[in-house]
Every structure is written in C-alpha cells, then in structure tokens.
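One structure is given below, encoded as structure tokens.
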Amino acid sequence: MKYFIDTANVGEVEEVASWGVLDGVTTNPSLVAKEGGDFKETVLKMCELVNEVSAQVTATESDEMIKQAEEYSGWHKNVVVKVPMTIEGLKTIKYCKEKGIRTNCTLVFSANQAVLAAKAGASMISPFIGRLDDVGQDGMGLIAEIMTIWDNYDFDTEVLVASTRHPRHIVEAAELGAHICTIPFKVFEKLPKHQLTDIGLRKFLDDWDKVK
Ligand code: G3P
C-alpha cells in the first residue's frame with residue numbers, strides 16, 4: 001500500500017519523506033487555505049519530494065475544470081489533478097484520460113460513484129471514510145465494498161483511502177488491499193510509536209549504562 005500525506009504543509013511533507021516511507025501527497029482547497037502561501041509554489045516544492053501530488057481544481061463546470069487541469073498538469077510531471085465527483089467532474093476526468101493527464105476523483109462516498117469515476121478514467125478515486133463515519137455510516141465498509149467490486153473487474157484505477165482519522169484506519173485499509181492511504185501528519189506521527197518500544201528502549205539503554 002502506498003502512503004500519502006494529507007496536507008498542504010511542505011514542512012510536514014519534508015519530515016515524513018525523510019523517514020523513507022512517503023509515496024505522495026494529497027492537498028485540497030481547505031488544507032491550502034489553512035496553510036496560506038502560493039498554491040503553485042507549494043505544489044512544486046512537494047513535487048520535488050514525492051512522485052504524486054494531488055492538486056484540486058476549484059471550478060465547477062467541466063470547461064473551466066479542464067482549463068485548470070491543463071494548467072496544473074503543466075506545472076510538473078508529478079501533479080495529479082484532483083477532480084470532484086460530479087457529472088462535470090466525470091466529463092473532466094474523461095477528457096484528462098484522453099489527454100494523458102492523471103486524475104484523482106475526490107469526494108467519493110458510494111460504490112456507484114467509485115465505479116463511475118473508474119469507468120470515466122480516473123487514475124485514483126478517493127473515498128472519504130472518516131466523513132462517512134461522522135454521519136453514522138460505515139466508512140471502512142465502503143472500502144470493503146469497493147475492493148470487492150475491484151476484485152470482480154479489471155479497473156486500473158487505484159483506490160485511495162482518504163479522510164483517515166487514526167492508526168487503525170491505516171491497518172484496515174491495508175487489510176482490505178486498498179492501493180493508497182492518505183494520512184494526516186498527526187496520524188502519521190502516531191504510526192512509528194508504541195509504548196512497549198519506548199519501555200524496551202529505555203531498559204536497553206539503562207542496562208547498557210550499567211555495562212559502562
Ligand atoms: O484530502 C481529503 C480528505 O482526506 C479530507 O479529510 O479529515 O477533512 O475529512 P477530512
């Protein structure tokens with residue numbers, strides 16, 4: 001499973017990339033607004049650190065989305081254009097597929113949406129599991145449903161588990177065979193940690209002090 005970081009903060013990307021575990025970045029307009037700064041500059045810095053950086057279009061009509069998709073994809077070969085799951089978004093994904101522009105279909109909340117995006121030619125689809133849990137639905141259940149459908153057919157589209165909120169989400173996504181998981185920095189920081197690792201290391205170092 002590929003690990004992406006869900007952020008618009010270049011420092012966070014640099015940090016996790018330095019661990020040797022990072023495959024890509026997902027940004028969205030809310031994350032970009034939170035960090036501030038120039039969007040293109042941010043995306044370009046991230047493209048120097050990882051091979052796949054999702055940059056989201058903000059237009060809602062396909063002709064405008066396509067203009068943004070062409071602009072973003074021209075910035076750097078590592079840009080993946082993020083397109084929302086709407087009918088206009090599907091038209092944009094179809095166009096991008098024909099032009100060889102990689103896309104990540106975002107705001108996917110149902111298996112039907114996932115299949116439509118894959119059929120239109122999305123390189124990745126992003127089901128938002130945490131937001132489904134927030135409204136009392138089963139986010140990881142949707143991933144299970146999508147992976148079953150993917151096993152039944154021959155879609156090239158990668159399933160990117162988004163809106164992850166805690167370390168168990170990452171394990172469960174991997175158990176289901178999802179291709180990518182995008183992880184907020186706060187959750188990333190928890191992944192290498194275990195209290196028994198800390199206790200064990202402290203004991204090793206204390207014992208080593210006695211040898212000296
Ligand atoms: O990148 C989109 C997604 O991961 C959003 O997560 O926590 O705002 O639902 P969240």
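Starting from 1 in every chain, residues are counted up; chains themselves are A, B, ... following the order of the structure tokens, and ligands are numbered from 1 as listed.
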
Which chains and residue numbers are within 12 Å of ligand 1, counting only C-alpha atoms and all ligand atoms, if I want them as an MDAnalysis selection string?
chainID A and resid 4:8 25:32 34 53:56 82:84 104:109 125:135 139 160:166 180:187

Write out as a PyMOL selection string the set of residues from stretch 105-176 of chain A that DSSP, computed on the backbone, places in alpha helix (DSSP H).
chain A and resi 111-120+129-134+139-152+167-175

To test your reading of the structure, identify every residue in stretch 47-208 of chain A that backbone DSSP assigns to strand (DSSP E), and report it as JSON, numbers by chain.
{"A": [52, 53, 54, 55, 56, 79, 80, 81, 82, 83, 84, 103, 104, 105, 106, 107, 108, 124, 125, 126, 127, 158, 159, 160, 161, 180, 181, 182, 183]}

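Here atom CA of A:Asn9 stands at a distance of 17.3 Å from atom CA of A:Val80.
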
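You will find atom CA of A:Val57 at 21.5 Å from atom CA of A:Asp23.
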
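In terms of minimum interatomic distance to A:Val16, A:Lys190 ranks closest within A:Lys119, A:Lys40, A:Lys190, A:Lys97, counting only C-alpha atoms.
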
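Between atom CA of A:Val159 and atom CA of A:Met124 the interatomic distance comes to 5.8 Å.
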
Tell me which protein, DNA and RNA residues are within 9 Å of A:Ala59, counting only C-alpha atoms, leaving out same-chain ones fewer than 6 positions away, and put them as a ChimeraX atom specification.
/A:65-66,68

Those selected residues, please, written with C-alpha atoms and delivered as a JSON list (two decimals), in the first residue's frame.
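Heads up, here's the output in result-v2.json:
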[["chain", "number", "residue", "atom", "x", "y", "z"],
["A", 65, "MET", "CA", -12.15, 22.40, -14.71],
["A", 66, "ILE", "CA", -10.36, 21.26, -17.87],
["A", 68, "GLN", "CA", -7.34, 24.20, -14.53]]
